[in-house]
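*Asks:* Next up, data_21.pdb (PDB, C-alpha atoms).
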ATOM      1  CA  MET M 998      31.183  15.818   7.905
ATOM      2  CA  SER M 999      30.280  14.885   4.328
ATOM      3  CA  ASP M1000      29.625  11.272   5.355
ATOM      4  CA  LEU M1001      27.504  12.279   8.299
ATOM      5  CA  LEU M1002      25.551  14.702   6.144
ATOM      6  CA  SER M1003      24.942  12.056   3.492
ATOM      7  CA  ILE M1004      23.736   9.534   6.070
ATOM      8  CA  ALA M1005      21.472  12.115   7.734
ATOM      9  CA  THR M1006      19.949  13.011   4.368
ATOM     10  CA  ILE M1007      19.478   9.355   3.490
ATOM     11  CA  VAL M1008      17.784   8.639   6.843
ATOM     12  CA  LEU M1009      15.469  11.622   6.385
ATOM     13  CA  ALA M1010      14.664  10.616   2.798
ATOM     14  CA  GLY M1011      14.003   7.055   3.999
ATOM     15  CA  ILE M1012      11.530   8.360   6.590
ATOM     16  CA  VAL M1013       9.788  10.447   3.912
ATOM     17  CA  GLN M1014       9.418   7.452   1.626
ATOM     18  CA  ALA M1015       8.377   5.184   4.488
ATOM     19  CA  SER M1016       5.494   7.561   5.207
ATOM     20  CA  LEU M1017       3.988   6.844   1.770
ATOM     21  CA  GLN M1018       1.036   4.509   1.816
ATOM     22  CA  LEU M1019       0.838   2.587  -1.431
ATOM     23  CA  SER M1020       3.224  -0.247  -0.631
ATOM     24  CA  LEU M1021       1.764  -0.596   2.851
ATOM     25  CA  GLY M1022      -1.797  -0.578   1.460
ATOM     26  CA  GLY M1023      -0.817  -3.226  -1.088
ATOM     27  CA  LEU M1024       0.564  -5.388   1.704
ATOM     28  CA  VAL M1025      -2.644  -5.012   3.752
ATOM     29  CA  LEU M1026      -4.600  -6.014   0.676
ATOM     30  CA  LEU M1027      -2.346  -8.989   0.007
ATOM     31  CA  TYR M1028      -2.657 -10.142   3.625
ATOM     32  CA  HIS M1029      -6.427  -9.836   3.538
ATOM     33  CA  SER M1030      -6.868 -11.752   0.286
ATOM     34  CA  SER M1031      -4.236 -14.342   1.028
ATOM     35  CA  MET M1032      -5.372 -15.136   4.569
ATOM     36  CA  GLY M1033      -8.843 -15.780   3.201
ATOM     37  CA  GLN M1034      -7.529 -18.344   0.733
ATOM     38  CA  HIS M1035      -4.299 -19.870   1.961
ATOM     39  CA  LYS M1036      -2.710 -21.292   5.054
ATOM     40  CA  ARG M1037      -0.902 -18.876   7.355
ATOM     41  CA  ARG M1038       2.527 -20.162   6.387
ATOM     42  CA  LYS M1039       1.928 -19.495   2.709
ATOM     43  CA  THR M1040       0.592 -16.021   3.528
ATOM     44  CA  ARG M1041       3.794 -15.328   5.463
ATOM     45  CA  TYR M1042       5.914 -16.299   2.463
ATOM     46  CA  LEU M1043       3.787 -14.186   0.119
ATOM     47  CA  ALA M1044       4.117 -11.167   2.428
ATOM     48  CA  LYS M1045       7.869 -11.674   2.641
ATOM     49  CA  SER M1046       8.151 -11.854  -1.148
ATOM     50  CA  TYR M1047       6.022  -8.729  -1.496
ATOM     51  CA  ILE M1048       8.307  -6.784   0.864
ATOM     52  CA  TRP M1049      11.386  -8.014  -1.010
ATOM     53  CA  GLY M1050       9.794  -6.894  -4.284
ATOM     54  CA  ALA M1051       9.003  -3.404  -2.987
ATOM     55  CA  CYS M1052      12.526  -3.070  -1.544
ATOM     56  CA  THR M1053      14.188  -4.363  -4.700
ATOM     57  CA  ILE M1054      12.541  -1.812  -6.964
ATOM     58  CA  SER M1055      13.493   1.034  -4.589
ATOM     59  CA  PHE M1056      17.077  -0.237  -4.451
ATOM     60  CA  VAL M1057      17.297  -0.632  -8.230
ATOM     61  CA  CYS M1058      15.806   2.824  -8.868
ATOM     62  CA  VAL M1059      18.200   4.546  -6.471
ATOM     63  CA  CYS M1060      21.225   2.718  -7.871
ATOM     64  CA  ALA M1061      20.131   3.336 -11.479
ATOM     65  CA  ILE M1062      19.702   7.062 -10.848
ATOM     66  CA  ALA M1063      23.089   7.210  -9.059
ATOM     67  CA  PHE M1064      24.682   5.450 -12.032
ATOM     68  CA  LEU M1065      23.038   7.840 -14.515
ATOM     69  CA  ILE M1066      24.146  10.882 -12.500
ATOM     70  CA  GLN M1067      27.690   9.583 -12.398
ATOM     71  CA  GLN M1068      27.726   8.809 -16.115
ATOM     72  CA  LEU M1069      25.981  11.937 -17.354
ATOM     73  CA  LEU M1070      26.817  14.681 -14.880
ATOM     74  CA  GLY M1071      30.008  13.597 -13.119
ATOM     75  CA  VAL M1072      30.442  12.663  -9.469
ATOM     76  CA  ALA M1073      28.170  15.277  -7.886
ATOM     77  CA  VAL M1074      25.166  17.019  -9.377
ATOM     78  CA  SER M1075      25.068  20.758  -9.891
ATOM     79  CA  GLN M1076      23.057  23.104  -7.716
ATOM     80  CA  GLU M1077      20.548  23.631 -10.531
ATOM     81  CA  TRP M1078      19.649  19.924 -10.430
ATOM     82  CA  MET M1079      19.329  20.047  -6.667
ATOM     83  CA  LEU M1080      17.010  23.039  -6.969
ATOM     84  CA  ILE M1081      14.860  21.172  -9.498
ATOM     85  CA  SER M1082      14.552  18.218  -7.127
ATOM     86  CA  ILE M1083      13.723  20.579  -4.237
ATOM     87  CA  GLY M1084      10.956  22.077  -6.379
ATOM     88  CA  ALA M1085       9.668  18.578  -7.039
ATOM     89  CA  LEU M1086       9.733  17.819  -3.294
ATOM     90  CA  ILE M1087       7.674  20.932  -2.541
ATOM     91  CA  ALA M1088       5.191  19.962  -5.278
ATOM     92  CA  CYS M1089       4.961  16.471  -3.766
ATOM     93  CA  SER M1090       4.281  17.950  -0.327
ATOM     94  CA  LEU M1091       1.350  19.892  -1.791
ATOM     95  CA  VAL M1092       0.039  16.703  -3.395
ATOM     96  CA  MET M1093       0.334  14.968  -0.013
ATOM     97  CA  TRP M1094      -1.546  17.678   1.826
ATOM     98  CA  LEU M1095      -4.251  18.266  -0.732
ATOM     99  CA  GLY M1096      -4.969  15.071  -2.573
ATOM    100  CA  TYR M1097      -3.041  12.019  -1.424
ATOM    101  CA  PHE M1098      -6.090  10.251   0.011
ATOM    102  CA  ARG M1099      -9.411  10.271  -1.787
ATOM    103  CA  ASP M1100     -12.445  11.451   0.166
ATOM    104  CA  GLY M1101     -14.538   8.731   1.728
ATOM    105  CA  ASN M1102     -14.363   6.097   4.415
ATOM    106  CA  GLY M1103     -11.492   4.059   3.004
ATOM    107  CA  THR M1104      -7.819   4.723   2.413
ATOM    108  CA  GLU M1105      -8.046   5.032  -1.356
ATOM    109  CA  LEU M1106      -5.103   6.935  -2.812
ATOM    110  CA  TRP M1107      -4.582   9.434  -5.636
ATOM    111  CA  LEU M1108      -3.769   6.624  -8.078
ATOM    112  CA  PRO M1109      -5.723   6.335 -11.317
ATOM    113  CA  LYS M1110      -8.702   4.038 -10.705
ATOM    114  CA  CYS M1111      -7.592   1.555 -13.354
ATOM    115  CA  LEU M1112      -4.219   1.106 -11.660
ATOM    116  CA  SER M1113      -5.636   0.687  -8.149
ATOM    117  CA  ARG M1114      -8.194  -1.803  -9.505
ATOM    118  CA  TYR M1115      -5.397  -3.677 -11.244
ATOM    119  CA  ILE M1116      -3.304  -3.876  -8.039
ATOM    120  CA  THR M1117      -6.392  -4.950  -6.064
ATOM    121  CA  ARG M1118      -7.206  -7.640  -8.621
ATOM    122  CA  ARG M1119      -3.612  -8.889  -8.715
ATOM    123  CA  ALA M1120      -3.490  -9.034  -4.904
ATOM    124  CA  LYS M1121      -6.617 -11.192  -4.879
ATOM    125  CA  HIS M1122      -5.149 -13.612  -7.401
ATOM    126  CA  THR M1123      -1.638 -13.788  -6.016
ATOM    127  CA  ASN M1124      -0.868 -17.423  -5.331
ATOM    128  CA  ASP M1125       2.885 -17.780  -5.440
ATOM    129  CA  ASN M1126       5.991 -15.974  -4.318
ATOM    130  CA  ILE M1127       6.988 -14.651  -7.741
ATOM    131  CA  GLU M1128       3.570 -13.036  -8.166
ATOM    132  CA  ALA M1129       3.835 -11.499  -4.701
ATOM    133  CA  PHE M1130       7.355 -10.266  -5.505
ATOM    134  CA  SER M1131       6.182  -8.628  -8.724
ATOM    135  CA  LEU M1132       3.153  -7.144  -6.938
ATOM    136  CA  GLY M1133       5.547  -5.518  -4.448
ATOM    137  CA  MET M1134       7.629  -4.203  -7.354
ATOM    138  CA  LEU M1135       4.513  -2.874  -9.059
ATOM    139  CA  SER M1136       3.252  -1.082  -5.963
ATOM    140  CA  ALA M1137       6.634   0.603  -5.389
ATOM    141  CA  PHE M1138       6.911   1.428  -9.093
ATOM    142  CA  ALA M1139       3.391   2.927  -9.193
ATOM    143  CA  GLU M1140       4.496   5.539  -6.673
ATOM    144  CA  LEU M1141       7.415   6.629  -8.850
ATOM    145  CA  PRO M1142       5.897  10.037  -9.786
ATOM    146  CA  ILE M1143       6.220  10.959  -6.115
ATOM    147  CA  THR M1144       9.310   9.022  -5.145
ATOM    148  CA  VAL M1145      11.535   9.986  -8.071
ATOM    149  CA  ALA M1146      12.548  13.282  -6.408
ATOM    150  CA  ILE M1147      13.473  11.369  -3.225
ATOM    151  CA  TYR M1148      15.451   8.831  -5.274
ATOM    152  CA  PHE M1149      17.350  11.659  -6.937
ATOM    153  CA  ILE M1150      18.342  13.185  -3.578
ATOM    154  CA  VAL M1151      19.328   9.771  -2.185
ATOM    155  CA  ALA M1152      21.316   8.909  -5.320
ATOM    156  CA  ASN M1153      23.270  12.149  -4.983
ATOM    157  CA  CYS M1154      24.000  11.332  -1.330
ATOM    158  CA  LEU M1155      25.144   7.823  -2.257
ATOM    159  CA  LEU M1156      27.688   9.316  -4.648
ATOM    160  CA  ASN M1157      29.063  11.421  -1.789
ATOM    161  CA  ALA M1158      29.024   8.677   0.863
ATOM    162  CA  ARG M1159      32.132   6.651   1.726
ATOM    163  CA  PHE M1160      30.178   3.357   1.809
ATOM    164  CA  PRO M1161      27.434   3.786  -0.792
ATOM    165  CA  LEU M1162      26.207   0.188  -0.642
ATOM    166  CA  LEU M1163      25.744   0.287   3.131
ATOM    167  CA  ALA M1164      24.039   3.667   2.868
ATOM    168  CA  ALA M1165      21.673   2.282   0.202
ATOM    169  CA  LEU M1166      20.868  -0.725   2.392
ATOM    170  CA  LEU M1167      20.176   1.562   5.351
ATOM    171  CA  TYR M1168      17.807   3.553   3.151
ATOM    172  CA  ILE M1169      15.979   0.410   2.028
ATOM    173  CA  LEU M1170      15.706  -0.827   5.611
ATOM    174  CA  ILE M1171      14.049   2.441   6.672
ATOM    175  CA  VAL M1172      11.694   2.319   3.664
ATOM    176  CA  ALA M1173      10.682  -1.244   4.531
ATOM    177  CA  THR M1174      10.116  -0.535   8.242
ATOM    178  CA  PRO M1175       6.317   0.102   8.088
ATOM    179  CA  MET M1176       5.817  -3.112   6.095
ATOM    180  CA  ILE M1177       8.010  -5.075   8.503
ATOM    181  CA  VAL M1178       6.073  -3.633  11.467
ATOM    182  CA  LEU M1179       2.790  -4.671   9.829
ATOM    183  CA  LYS M1180       4.151  -8.145   9.163
ATOM    184  CA  PHE M1181       5.215  -8.606  12.780
ATOM    185  CA  SER M1182       2.019  -7.163  14.214
ATOM    186  CA  ILE M1183      -0.014  -9.637  12.150
ATOM    187  CA  LYS M1184       2.335 -12.404  13.190
ATOM    188  CA  ALA M1185       1.762 -11.342  16.802
ATOM    189  CA  GLY M1186      -1.976 -11.898  16.440
ATOM    190  CA  LYS M1187      -3.448  -8.620  15.180
ATOM    191  CA  ASN M1188      -5.815  -8.999  12.246
ATOM    192  CA  VAL M1189      -5.932  -7.050   9.009
ATOM    193  CA  VAL M1190      -9.133  -5.229   9.944
ATOM    194  CA  ALA M1191      -7.455  -3.753  13.028
ATOM    195  CA  ALA M1192      -4.573  -2.542  10.847
ATOM    196  CA  GLN M1193      -6.928  -1.083   8.256
ATOM    197  CA  LYS M1194      -9.087   0.631  10.907
ATOM    198  CA  TRP M1195      -5.914   2.170  12.334
ATOM    199  CA  ARG M1196      -4.956   3.404   8.859
ATOM    200  CA  ILE M1197      -8.393   4.937   8.307
ATOM    201  CA  ARG M1198      -8.397   6.609  11.736
ATOM    202  CA  ASN M1199      -4.987   8.138  11.109
ATOM    203  CA  LYS M1200      -5.140   8.890   7.415
ATOM    204  CA  ARG M1201      -5.319  12.675   7.876
ATOM    205  CA  PHE M1202      -2.335  12.532  10.201
ATOM    206  CA  ALA M1203      -0.462  10.321   7.700
ATOM    207  CA  SER M1204      -1.176  12.806   4.937
ATOM    208  CA  LEU M1205      -0.060  15.742   7.104
ATOM    209  CA  PHE M1206       3.056  13.930   8.304
ATOM    210  CA  SER M1207       3.990  12.879   4.794
ATOM    211  CA  GLY M1208       3.526  16.352   3.329
ATOM    212  CA  SER M1209       5.427  17.981   6.173
ATOM    213  CA  SER M1210       8.288  15.508   5.918
ATOM    214  CA  PHE M1211       8.672  16.363   2.219
ATOM    215  CA  VAL M1212       9.029  20.034   3.206
ATOM    216  CA  VAL M1213      11.516  19.179   5.967
ATOM    217  CA  LEU M1214      13.593  17.163   3.486
ATOM    218  CA  ALA M1215      13.486  20.031   0.992
ATOM    219  CA  LEU M1216      14.612  22.546   3.654
ATOM    220  CA  PHE M1217      17.336  20.175   4.840
ATOM    221  CA  VAL M1218      18.682  19.826   1.314
ATOM    222  CA  VAL M1219      18.541  23.584   0.769
ATOM    223  CA  ALA M1220      20.389  24.232   4.035
ATOM    224  CA  PHE M1221      23.104  21.619   3.745
ATOM    225  CA  TRP M1222      23.512  20.850   0.045
ATOM    226  CA  VAL M1223      22.632  24.039  -1.815
ATOM    227  CA  LEU M1224      23.589  26.991   0.406
TER     228      LEU M1224
ATOM    229  CA  MET K 377     -20.955   9.598 -21.682
ATOM    230  CA  LYS K 378     -22.599   6.275 -22.259
ATOM    231  CA  LYS K 379     -22.508   3.918 -19.285
ATOM    232  CA  THR K 380     -22.440   0.209 -19.861
ATOM    233  CA  ARG K 381     -24.359  -2.010 -17.474
ATOM    234  CA  ILE K 382     -22.989  -5.441 -16.773
ATOM    235  CA  THR K 383     -25.308  -8.022 -15.260
ATOM    236  CA  TYR K 384     -24.338 -11.177 -13.410
ATOM    237  CA  GLU K 385     -26.308 -14.241 -12.424
ATOM    238  CA  TYR K 386     -26.814 -14.419  -8.659
ATOM    239  CA  SER K 387     -24.955 -17.285  -7.061
ATOM    240  CA  HIS K 388     -25.529 -18.662  -3.572
ATOM    241  CA  ASP K 389     -22.088 -20.292  -3.617
ATOM    242  CA  ALA K 390     -20.319 -17.088  -4.617
ATOM    243  CA  ILE K 391     -21.838 -15.224  -1.660
ATOM    244  CA  LYS K 392     -21.011 -18.060   0.690
ATOM    245  CA  ASP K 393     -17.446 -18.293  -0.589
ATOM    246  CA  SER K 394     -16.953 -14.557  -0.327
ATOM    247  CA  VAL K 395     -18.212 -14.325   3.277
ATOM    248  CA  PHE K 396     -16.184 -17.383   4.224
ATOM    249  CA  ARG K 397     -12.991 -15.862   2.819
ATOM    250  CA  HIS K 398     -13.500 -12.674   4.793
ATOM    251  CA  ALA K 399     -14.151 -14.659   7.956
ATOM    252  CA  LYS K 400     -11.050 -16.754   7.373
ATOM    253  CA  ALA K 401      -8.964 -13.631   6.729
ATOM    254  CA  LEU K 402      -9.904 -12.485  10.227
ATOM    255  CA  ARG K 403      -8.653 -15.766  11.670
ATOM    256  CA  LEU K 404     -12.050 -16.944  12.805
ATOM    257  CA  PRO K 405     -12.398 -20.712  13.263
ATOM    258  CA  GLU K 406     -13.150 -22.369   9.905
ATOM    259  CA  GLY K 407     -16.237 -24.225  11.159
ATOM    260  CA  TRP K 408     -17.754 -21.049  12.534
ATOM    261  CA  GLY K 409     -16.864 -19.202   9.333
ATOM    262  CA  GLU K 410     -18.608 -21.850   7.221
ATOM    263  CA  GLN K 411     -21.731 -21.744   9.388
ATOM    264  CA  LEU K 412     -21.810 -17.972   9.221
ATOM    265  CA  ALA K 413     -21.262 -17.968   5.443
ATOM    266  CA  GLU K 414     -24.108 -20.471   4.945
ATOM    267  CA  ARG K 415     -26.416 -18.419   7.166
ATOM    268  CA  ILE K 416     -25.690 -15.187   5.313
ATOM    269  CA  ALA K 417     -26.034 -16.850   1.913
ATOM    270  CA  LYS K 418     -29.443 -18.303   2.916
ATOM    271  CA  ALA K 419     -30.623 -14.907   4.191
ATOM    272  CA  THR K 420     -29.487 -13.368   0.891
ATOM    273  CA  ASP K 421     -31.345 -16.072  -1.065
ATOM    274  CA  ALA K 422     -34.541 -15.226   0.809
ATOM    275  CA  TRP K 423     -34.055 -11.484   0.317
ATOM    276  CA  ILE K 424     -33.311 -11.733  -3.383
ATOM    277  CA  GLU K 425     -36.086 -14.252  -4.164
ATOM    278  CA  ASP K 426     -38.811 -11.746  -5.054
ATOM    279  CA  LYS K 427     -36.522  -9.356  -6.949
ATOM    280  CA  ASP K 428     -35.867  -9.416 -10.682
ATOM    281  CA  ILE K 429     -32.701  -7.368 -10.534
ATOM    282  CA  VAL K 430     -30.563  -5.840  -7.761
ATOM    283  CA  THR K 431     -27.486  -3.639  -7.926
ATOM    284  CA  GLU K 432     -24.144  -4.732  -6.533
ATOM    285  CA  ASP K 433     -24.369  -1.959  -3.930
ATOM    286  CA  ASP K 434     -27.791  -3.161  -2.717
ATOM    287  CA  LEU K 435     -26.480  -6.681  -2.399
ATOM    288  CA  GLN K 436     -23.370  -5.506  -0.540
ATOM    289  CA  ASN K 437     -25.467  -3.338   1.798
ATOM    290  CA  PHE K 438     -27.775  -6.212   2.612
ATOM    291  CA  ILE K 439     -24.908  -8.617   3.311
ATOM    292  CA  CYS K 440     -23.116  -6.020   5.442
ATOM    293  CA  LYS K 441     -26.274  -5.374   7.424
ATOM    294  CA  GLU K 442     -26.645  -9.089   8.100
ATOM    295  CA  LEU K 443     -22.962  -9.419   9.001
ATOM    296  CA  GLU K 444     -23.106  -6.371  11.257
ATOM    297  CA  GLU K 445     -25.394  -8.271  13.642
ATOM    298  CA  VAL K 446     -22.997 -11.193  13.938
ATOM    299  CA  SER K 447     -19.513  -9.768  13.475
ATOM    300  CA  PRO K 448     -18.888  -6.046  12.887
ATOM    301  CA  ASP K 449     -15.285  -6.828  11.900
ATOM    302  CA  ILE K 450     -16.326  -9.074   9.012
ATOM    303  CA  ALA K 451     -18.917  -6.493   7.983
ATOM    304  CA  PHE K 452     -16.183  -3.854   7.974
ATOM    305  CA  ALA K 453     -13.876  -6.072   5.920
ATOM    306  CA  TYR K 454     -16.691  -6.915   3.502
ATOM    307  CA  ARG K 455     -17.612  -3.273   3.006
ATOM    308  CA  ASN K 456     -14.069  -1.901   2.743
ATOM    309  CA  HIS K 457     -11.959  -4.561   1.070
ATOM    310  CA  ASP K 458     -11.966  -2.657  -2.222
ATOM    311  CA  LYS K 459     -11.177   0.683  -0.577
ATOM    312  CA  ILE K 460      -7.703  -0.136   0.712
ATOM    313  CA  ILE K 461      -5.635   1.504  -2.044
TER     314      ILE K 461
END
Write out the structure in this file as structure tokens.

*Replies:*
Amino acid sequence: MSDLLSIATIVLAGIVQASLQLSLGGLVLLYHSSMGQHKRRKTRYLAKSYIWGACTISFVCVCAIAFLIQQLLGVAVSQEWMLISIGALIACSLVMWLGYFRDGNGTELWLPKCLSRYITRRAKHTNDNIEAFSLGMLSAFAELPITVAIYFIVANCLLNARFPLLAALLYILIVATPMIVLKFSIKAGKNVVAAQKWRIRNKRFASLFSGSSFVVLALFVVAFWVL
Amino acid sequence: MKKTRITYEYSHDAIKDSVFRHAKALRLPEGWGEQLAERIAKATDAWIEDKDIVTEDDLQNFICKELEEVSPDIAFAYRNHDKII
């Protein structure tokens, strides 16, 4: 039961994180700038490196938090810590509903302008795989104020799972799914404008889905980990 | 709050390069992209000729309007490329 519960929580947390838009937006941006400058093969490698970078930082953050919990608090965290993370999840859901996307025609996010300009500028000047990898890391890291509560929940589940490494890999695979789907749809012949138009058309739904999934995760954790 | 105004020298090649990159990003044939970029850059040259100073927004609006007639997708990309994140 404990294993099943951990996996279910990890899958749900993965879906919540996958619904966030910064890493996906960064990849769209990278595709757009790179396809305008480089050959398709190079763009493919850059996109792959970007996805690896975003996944690596998520993996490292989850493992680091799990390690800290184990070192500082023992094997499982107390209910008080779980309640704090649930509070953070609810706060994140409000952020998602009320202010995740900026008003306007684009898909600009809540990020400070200087940071979004920096990511945009870096995407335009990304020429090799290491730069793309670090851009992926940066985009995942920039979303840390929102994802840290999810990481905390996942880290706690990893400590309770029988195969923590496999569970962490499953989590990362779910997180990377939107980026992988984008990569394959572009490989299949769709262009970046079609992807971006789709994102703009559905941005309200994305915001609603994301906010609601934070609440669902919070309720799930309350029901199965706290009560 | 004091706003600083940065001015740039207009460049035909920069406009051409920028339009060409957007066309290439949409997987349009390179030859067609080059022709289109040259055409837009020439139209921009003619538009800007009698003006001492234009804002970046005016320039972007003009280019988008020109692109809209030829390829709405490139116009969309040109207008929105800095509004993705």

*Asks:* If you count all atoms listed in the file, which residues fall within 12 Å of Ala1173 in chain M, apart from same-chain ones fewer than 2 positions away, as a compact mmCIF listing (two decimals) with C-alpha atoms, in the frame of the given file?

*Replies:*
# COMPACT_ATOMS: atom_id res chain seq x y z
CA GLY M 1011 14.00 7.06 4.00
CA ILE M 1012 11.53 8.36 6.59
CA VAL M 1013 9.79 10.45 3.91
CA GLN M 1014 9.42 7.45 1.63
CA ALA M 1015 8.38 5.18 4.49
CA SER M 1016 5.49 7.56 5.21
CA LEU M 1017 3.99 6.84 1.77
CA GLN M 1018 1.04 4.51 1.82
CA SER M 1020 3.22 -0.25 -0.63
CA LEU M 1021 1.76 -0.60 2.85
CA LEU M 1024 0.56 -5.39 1.70
CA LYS M 1045 7.87 -11.67 2.64
CA TYR M 1047 6.02 -8.73 -1.50
CA ILE M 1048 8.31 -6.78 0.86
CA TRP M 1049 11.39 -8.01 -1.01
CA GLY M 1050 9.79 -6.89 -4.28
CA ALA M 1051 9.00 -3.40 -2.99
CA CYS M 1052 12.53 -3.07 -1.54
CA THR M 1053 14.19 -4.36 -4.70
CA ILE M 1054 12.54 -1.81 -6.96
CA SER M 1055 13.49 1.03 -4.59
CA PHE M 1056 17.08 -0.24 -4.45
CA GLY M 1133 5.55 -5.52 -4.45
CA ALA M 1137 6.63 0.60 -5.39
CA LEU M 1166 20.87 -0.72 2.39
CA LEU M 1167 20.18 1.56 5.35
CA TYR M 1168 17.81 3.55 3.15
CA ILE M 1169 15.98 0.41 2.03
CA LEU M 1170 15.71 -0.83 5.61
CA ILE M 1171 14.05 2.44 6.67
CA PRO M 1175 6.32 0.10 8.09
CA MET M 1176 5.82 -3.11 6.10
CA ILE M 1177 8.01 -5.08 8.50
CA VAL M 1178 6.07 -3.63 11.47
CA LEU M 1179 2.79 -4.67 9.83
CA LYS M 1180 4.15 -8.14 9.16

*Asks:* Name every residue that the PyMOL selection byres ((chain K) within 9 of (chain M)) selects in this structure, writing the answer as number ranges by chain with chains first and numbers rising.

*Replies:* K: 394, 396-403, 449-450, 452-453, 456-461

*Asks:* Using all atoms listed in the file, find all polymer residues with an atom at most 12 Å away from the point (-27.0, -5.7, 1.2); report them as a list of chain:residue names.

*Replies:*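 In the file's frame, the residues around the point are K:Ile391, K:Ile416, K:Ala417, K:Ala419, K:Thr420, K:Asp421, K:Trp423, K:Ile424, K:Val430, K:Thr431, K:Glu432, K:Asp433, K:Asp434, K:Leu435, K:Gln436, K:Asn437, K:Phe438, K:Ile439, K:Cys440, K:Lys441, K:Glu442, K:Leu443, K:Glu444, K:Ala451, K:Tyr454, K:Arg455.
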
*Asks:* Evaluate the PyMOL selection byres ((chain M and resi 1090) around 9) here and jot the selected residues down as a PyMOL selection string.

*Replies:* chain M and resi 1085-1089+1091-1095+1205+1207-1212

*Asks:* So how far away is CA of Val1074 in chain M from CA of Val1059 in chain M, in Å?

*Replies:*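 According to the coordinates, CA of Val1059 in chain M and CA of Val1074 in chain M are separated by 14.6 Å.
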
*Asks:* As an exercise, work out the distance from CA of Ile1062 in chain M to CA of Thr1144 in chain M in Å and give it to one decimal place.

*Replies:*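 Between these atoms lies a distance of 12.0 Å.
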
*Asks:* Would you mind reading off the distance between CA of Met1079 in chain M and CA of Val1223 in chain M, one decimal, in Å?

*Replies:* 7.1 Å
